[in-house]
Amino acid sequence: MIKRRYFLQLSTLGITGLVSPEFFRAPQRGNRPIVISTWKEGIAANNAAWQILSKKGRAIDAVEAGVMVTENAINCCVGLGANPDRDGIVTLDASIMDEKGNAGCVAALERIKHPITVARRVMEKTPHVMLVGEGAQKFAVSEGFTLEEQKLSPAADKQYKEWLKTSTYKPVINIENSGHGPFAPTRFKDGTFNHDTIGMVALDAAGNLSGSCTTSGMGFKMRGRVGDSPIIGAGLFVDNEVGAATATGVGEEVIKICGTHLVVELMRQGLSPQAACKKAVERIVKKDPKKAKENQVGFIAINKAGQHGAFCLQKGFNYAVCYANDHNVLIDSPSWY
Ligand code: SD4
């Protein structure tokens with residue numbers, strides 16, 4: 001529910017029109033839980049998260065369990081079944097943040113099935129925030145994680161072989177069958193995008209916020225390249241006083257504006273989640289409109305009142321919203337272009 005004081009703040013700022021129509025349809029929220037996540041895979045991920053949230057479980061447990069579903073999916077865009085880097089090796093990045101502002105991240109992690117859980121262990125069992133590469137893998141193994149075989153999934157193997165034909169390395173929108181390799185993000189003929197990431201943010205029954213983000217990074221990236229997803233304030237940010245946000249798309253553009261930190265700080269100033277996401281997208285556009293036109297970036301956010309919103313550069317980004325057993329729906333994000 002938009003609290004009266006909050007609504008007045010929004011009206012003063014002249015931005016009530018930016019709140020998603022879906023939000024106004026939502027029943028009065030009170031202190032009820034909500035989980036949202038990026039792309040259509042978010043529906044299955046939300047289902048798992050909702051199992052926890054609906055039983056008054058913690059948001060941090062929900063956002064971990066939720067994205068593990070996507071990491072597990074064979075032939076999906078996230079996790080060990082995903083596209084490799086340009087050297088043919090799948091490397092994974094993930095981050096997680098709880099209601100106390102604790103954070104854990106891993107980057108360039110190989111052969112481990114659930115980077116999100118390794119990120120949580122970094123948060124809970126080490127004095128650090130981020131572990132990368134070999135060190136992250138060593139830590140995971142010491143925590144009992146299995147070192148999986150280094151083998152591409154059939155879908156990734158096919159894509160990789162296709163990509164090798166041209167080895168095009170340009171992080172711009174690739175229109176399907178345009179002759180470029182399948183370097184992300186690709187816009188398909190039906191207007192949707194491929195993607196390599198799931199980001200999730202949740203509010204639990206106790207009123208606490210948490211978030212998670214996990215990815216194989218952009219397909220066929222340079223070896224050693226790390227995107228926004230494991231970087232706190234870029235791909236994920238949670239402030240329990242205000243709200244939580246996560247990002248997807250070309251990570252370089254998100255990192256350069258500290259995207260999700262910006263979204264949360266804009267919500268702190270009174271903007272709705274959707275208006276805050278839009279302002280962050282606008283920042284990217286203003287910096288380099290020509291480049292922005294060729295890229296995809298999407299933000300999703302929730303605030304402490306349980307309102308949700310999203311905004312992206314190009315049409316074709318969607319996010320899944322769940323706040324009841326029978327309400328887990330995919331919403332098309334409004335876009336700049
Ligand atoms: C990255 N942001 O590594 C990720 C990619 C992504 O859907 O979101 N793909 O830059």
# chains A, B, ... in the order shown; residues from 1 in each chain; ligands from 1
>>> residues_near_ligand(ligand="ligand 1", cutoff="10 Å", atoms="only C-alpha atoms and all ligand atoms", output="count of residues only")
49
>>> residues_around(residues="Arg223 of chain A", least_positions_apart="6", cutoff="8 Å", atoms="only C-alpha atoms", output="list in words")
Asp85, Arg86 and Asp87 of chain A
>>> atom_distance(atom1="atom CA of Gly133 of chain A", atom2="atom CA of Glu110 of chain A")
7.1 Å
>>> select_by_dssp(residues="segment 19-129 of chain A", states="alpha helix (DSSP H)", output="JSON, numbers by chain")
{"A": [21, 22, 23, 24, 25, 42, 43, 44, 45, 46, 47, 48, 49, 50, 51, 52, 53, 59, 60, 61, 62, 63, 64, 65, 66, 67, 68, 69, 70, 71, 72, 115, 116, 117, 118, 119, 120, 121, 122, 123, 124, 125]}
>>> closest_residue(among="A:Asn318, A:Thr168, A:Asn303, A:Asn328", to="Leu209 of chain A", atoms="only C-alpha atoms")
A:Asn303
>>> residues_around(residues="Tyr160 of chain A", least_positions_apart="6", cutoff="8 Å", atoms="only C-alpha atoms", output="VMD selection string")
chain A and resid 83 to 84 88 220
>>> atom_distance(atom1="atom CA of Arg58 of chain A", atom2="atom CA of Ala324 of chain A")
15.9 Å
>>> closest_residue(among="A:Ser333, A:Asn46, A:Ser142, A:Ser212", to="Ala103 of chain A", atoms="only C-alpha atoms")
A:Ser212
>>> closest_residue(among="A:Lys256, A:Lys278, A:Lys161, A:Arg111", to="Pro334 of chain A", atoms="only C-alpha atoms")
A:Lys278
>>> select_by_dssp(residues="segment 13-138 of chain A", states="strand (DSSP E or B)", output="PyMOL selection string")
chain A and resi 34-38+92-97+103-109+130-132
>>> write_last_selection(atoms="C-alpha atoms", output="PDB file, in the first residue's frame")
ATOM      1  CA  ILE A  34       6.964  -9.658  -1.453  1.00  0.00           C
ATOM      2  CA  VAL A  35       9.647 -11.030  -3.757  1.00  0.00           C
ATOM      3  CA  ILE A  36      10.581  -9.779  -7.218  1.00  0.00           C
ATOM      4  CA  SER A  37      13.197 -11.024  -9.659  1.00  0.00           C
ATOM      5  CA  THR A  38      14.527 -10.360 -13.127  1.00  0.00           C
ATOM      6  CA  LEU A  92      30.329 -17.410 -12.352  1.00  0.00           C
ATOM      7  CA  ASP A  93      29.731 -14.228 -10.330  1.00  0.00           C
ATOM      8  CA  ALA A  94      27.280 -13.764  -7.442  1.00  0.00           C
ATOM      9  CA  SER A  95      26.412 -11.446  -4.579  1.00  0.00           C
ATOM     10  CA  ILE A  96      24.082 -11.486  -1.603  1.00  0.00           C
ATOM     11  CA  MET A  97      23.118  -8.880   0.998  1.00  0.00           C
ATOM     12  CA  ALA A 103      27.405  -8.613   2.043  1.00  0.00           C
ATOM     13  CA  GLY A 104      29.170 -11.531   0.387  1.00  0.00           C
ATOM     14  CA  CYS A 105      30.343 -11.908  -3.198  1.00  0.00           C
ATOM     15  CA  VAL A 106      32.271 -14.232  -5.476  1.00  0.00           C
ATOM     16  CA  ALA A 107      33.637 -13.494  -8.935  1.00  0.00           C
ATOM     17  CA  ALA A 108      35.166 -15.603 -11.689  1.00  0.00           C
ATOM     18  CA  LEU A 109      34.296 -18.768  -9.802  1.00  0.00           C
ATOM     19  CA  MET A 130      34.511 -10.719  -1.934  1.00  0.00           C
ATOM     20  CA  LEU A 131      36.594 -13.706  -3.000  1.00  0.00           C
ATOM     21  CA  VAL A 132      37.598 -14.253  -6.635  1.00  0.00           C
TER      22      VAL A 132
END
>>> residues_around(residues="Gln159 of chain A", least_positions_apart="2", cutoff="10 Å", atoms="only C-alpha atoms", output="list in words")
Ala82, Asn83, Pro84, Ser153, Pro154, Ala155, Ala156, Asp157, Lys161, Glu162, Trp163, Leu164, Gly181, Pro182, Phe183, Gly219 and Phe220 of chain A
>>> write_last_selection(atoms="C-alpha atoms", output="short mmCIF file (atom, residue, chain, number, x, y, z; two decimals), in the first residue's frame")
data_model
loop_
_atom_site.label_atom_id
_atom_site.label_comp_id
_atom_site.auth_asym_id
_atom_site.auth_seq_id
_atom_site.Cartn_x
_atom_site.Cartn_y
_atom_site.Cartn_z
CA ALA A 82 25.35 -21.15 -19.12
CA ASN A 83 27.50 -19.68 -21.86
CA PRO A 84 31.26 -19.71 -21.31
CA SER A 153 26.04 -27.89 -21.41
CA PRO A 154 24.81 -29.01 -24.86
CA ALA A 155 23.13 -25.65 -25.44
CA ALA A 156 26.20 -23.64 -24.40
CA ASP A 157 28.47 -25.88 -26.47
CA LYS A 161 30.78 -23.17 -31.52
CA GLU A 162 28.47 -20.81 -33.37
CA TRP A 163 30.13 -17.79 -31.76
CA LEU A 164 33.62 -19.06 -32.64
CA GLY A 181 27.61 -13.88 -32.88
CA PRO A 182 25.29 -14.56 -29.93
CA PHE A 183 27.11 -12.13 -27.66
CA GLY A 219 28.35 -14.69 -22.91
CA PHE A 220 31.83 -14.99 -24.51
#
>>> decode(residues="segment 279-291 of chain A", atoms="all heavy atoms", output="CSV table (one decimal), in the first residue's frame")
chain,number,residue,atom,x,y,z
A,279,LYS,N,15.2,7.0,-13.1
A,279,LYS,CA,16.3,8.0,-12.9
A,279,LYS,C,17.7,7.4,-13.2
A,279,LYS,O,18.6,8.1,-13.7
A,279,LYS,CB,16.3,8.6,-11.5
A,279,LYS,CG,15.3,9.8,-11.4
A,279,LYS,CD,16.2,11.1,-11.4
A,279,LYS,CE,15.3,12.4,-11.5
A,279,LYS,NZ,15.2,13.0,-12.8
A,280,ALA,N,17.9,6.2,-12.7
A,280,ALA,CA,19.2,5.5,-12.9
A,280,ALA,C,19.4,5.3,-14.4
A,280,ALA,O,20.5,5.5,-14.9
A,280,ALA,CB,19.2,4.3,-12.1
A,281,VAL,N,18.4,4.8,-15.0
A,281,VAL,CA,18.5,4.6,-16.5
A,281,VAL,C,18.8,5.9,-17.2
A,281,VAL,O,19.6,6.0,-18.1
A,281,VAL,CB,17.2,3.9,-17.0
A,281,VAL,CG1,17.1,4.0,-18.6
A,281,VAL,CG2,17.1,2.5,-16.5
A,282,GLU,N,18.1,6.9,-16.8
A,282,GLU,CA,18.3,8.3,-17.4
A,282,GLU,C,19.8,8.7,-17.3
A,282,GLU,O,20.4,9.3,-18.2
A,282,GLU,CB,17.4,9.3,-16.7
A,282,GLU,CG,17.5,10.7,-17.3
A,282,GLU,CD,16.7,11.7,-16.5
A,282,GLU,OE1,16.1,11.4,-15.5
A,282,GLU,OE2,16.6,12.8,-17.0
A,283,ARG,N,20.4,8.3,-16.1
A,283,ARG,CA,21.8,8.7,-15.9
A,283,ARG,C,22.7,8.0,-17.0
A,283,ARG,O,23.6,8.6,-17.5
A,283,ARG,CB,22.2,8.2,-14.5
A,283,ARG,CG,23.5,8.6,-13.9
A,283,ARG,CD,23.6,10.0,-13.4
A,283,ARG,NE,22.7,10.4,-12.3
A,283,ARG,CZ,23.0,10.4,-11.1
A,283,ARG,NH1,24.3,10.0,-10.7
A,283,ARG,NH2,22.2,10.7,-10.1
A,284,ILE,N,22.4,6.8,-17.3
A,284,ILE,CA,23.1,6.1,-18.3
A,284,ILE,C,22.9,6.7,-19.7
A,284,ILE,O,23.9,6.9,-20.4
A,284,ILE,CB,22.7,4.6,-18.4
A,284,ILE,CG1,23.1,3.9,-17.1
A,284,ILE,CG2,23.3,3.8,-19.6
A,284,ILE,CD1,22.5,2.4,-16.9
A,285,VAL,N,21.7,7.1,-20.0
A,285,VAL,CA,21.4,7.7,-21.2
A,285,VAL,C,22.1,9.0,-21.4
A,285,VAL,O,22.7,9.3,-22.4
A,285,VAL,CB,19.8,7.9,-21.4
A,285,VAL,CG1,19.5,8.7,-22.7
A,285,VAL,CG2,19.1,6.6,-21.4
A,286,LYS,N,22.1,9.8,-20.3
A,286,LYS,CA,22.7,11.2,-20.4
A,286,LYS,C,24.2,11.1,-20.6
A,286,LYS,O,24.7,12.0,-21.3
A,286,LYS,CB,22.4,11.9,-19.1
A,286,LYS,CG,21.0,12.6,-19.1
A,286,LYS,CD,20.9,13.6,-18.0
A,286,LYS,CE,19.7,14.4,-18.1
A,286,LYS,NZ,19.2,15.0,-16.8
A,287,LYS,N,24.8,10.1,-20.0
A,287,LYS,CA,26.2,10.0,-20.2
A,287,LYS,C,26.6,9.7,-21.6
A,287,LYS,O,27.6,10.3,-22.1
A,287,LYS,CB,26.8,8.8,-19.4
A,287,LYS,CG,27.2,9.2,-18.0
A,287,LYS,CD,27.6,7.9,-17.2
A,287,LYS,CE,28.0,8.3,-15.8
A,287,LYS,NZ,29.2,9.0,-15.6
A,288,ASP,N,25.9,8.9,-22.3
A,288,ASP,CA,26.3,8.6,-23.7
A,288,ASP,C,25.0,8.0,-24.4
A,288,ASP,O,24.8,6.8,-24.5
A,288,ASP,CB,27.4,7.5,-23.7
A,288,ASP,CG,28.0,7.3,-25.0
A,288,ASP,OD1,27.4,7.7,-26.0
A,288,ASP,OD2,29.1,6.8,-25.1
A,289,PRO,N,24.2,8.9,-25.0
A,289,PRO,CA,22.9,8.5,-25.6
A,289,PRO,C,23.1,7.5,-26.7
A,289,PRO,O,22.4,6.6,-26.9
A,289,PRO,CB,22.3,9.8,-26.1
A,289,PRO,CG,23.1,10.9,-25.4
A,289,PRO,CD,24.4,10.4,-25.0
A,290,LYS,N,24.2,7.7,-27.5
A,290,LYS,CA,24.4,6.8,-28.6
A,290,LYS,C,24.7,5.4,-28.2
A,290,LYS,O,24.1,4.4,-28.7
A,290,LYS,CB,25.6,7.3,-29.4
A,290,LYS,CG,25.8,6.7,-30.8
A,290,LYS,CD,26.8,7.4,-31.6
A,290,LYS,CE,27.2,6.6,-32.8
A,290,LYS,NZ,28.1,5.5,-32.5
A,291,LYS,N,25.5,5.3,-27.1
A,291,LYS,CA,25.9,4.0,-26.6
A,291,LYS,C,24.7,3.4,-25.9
A,291,LYS,O,24.4,2.2,-26.1
A,291,LYS,CB,27.0,4.1,-25.6
A,291,LYS,CG,27.7,2.9,-25.3
A,291,LYS,CD,29.0,3.2,-24.6
A,291,LYS,CE,29.8,2.0,-24.2
A,291,LYS,NZ,30.7,2.3,-23.1
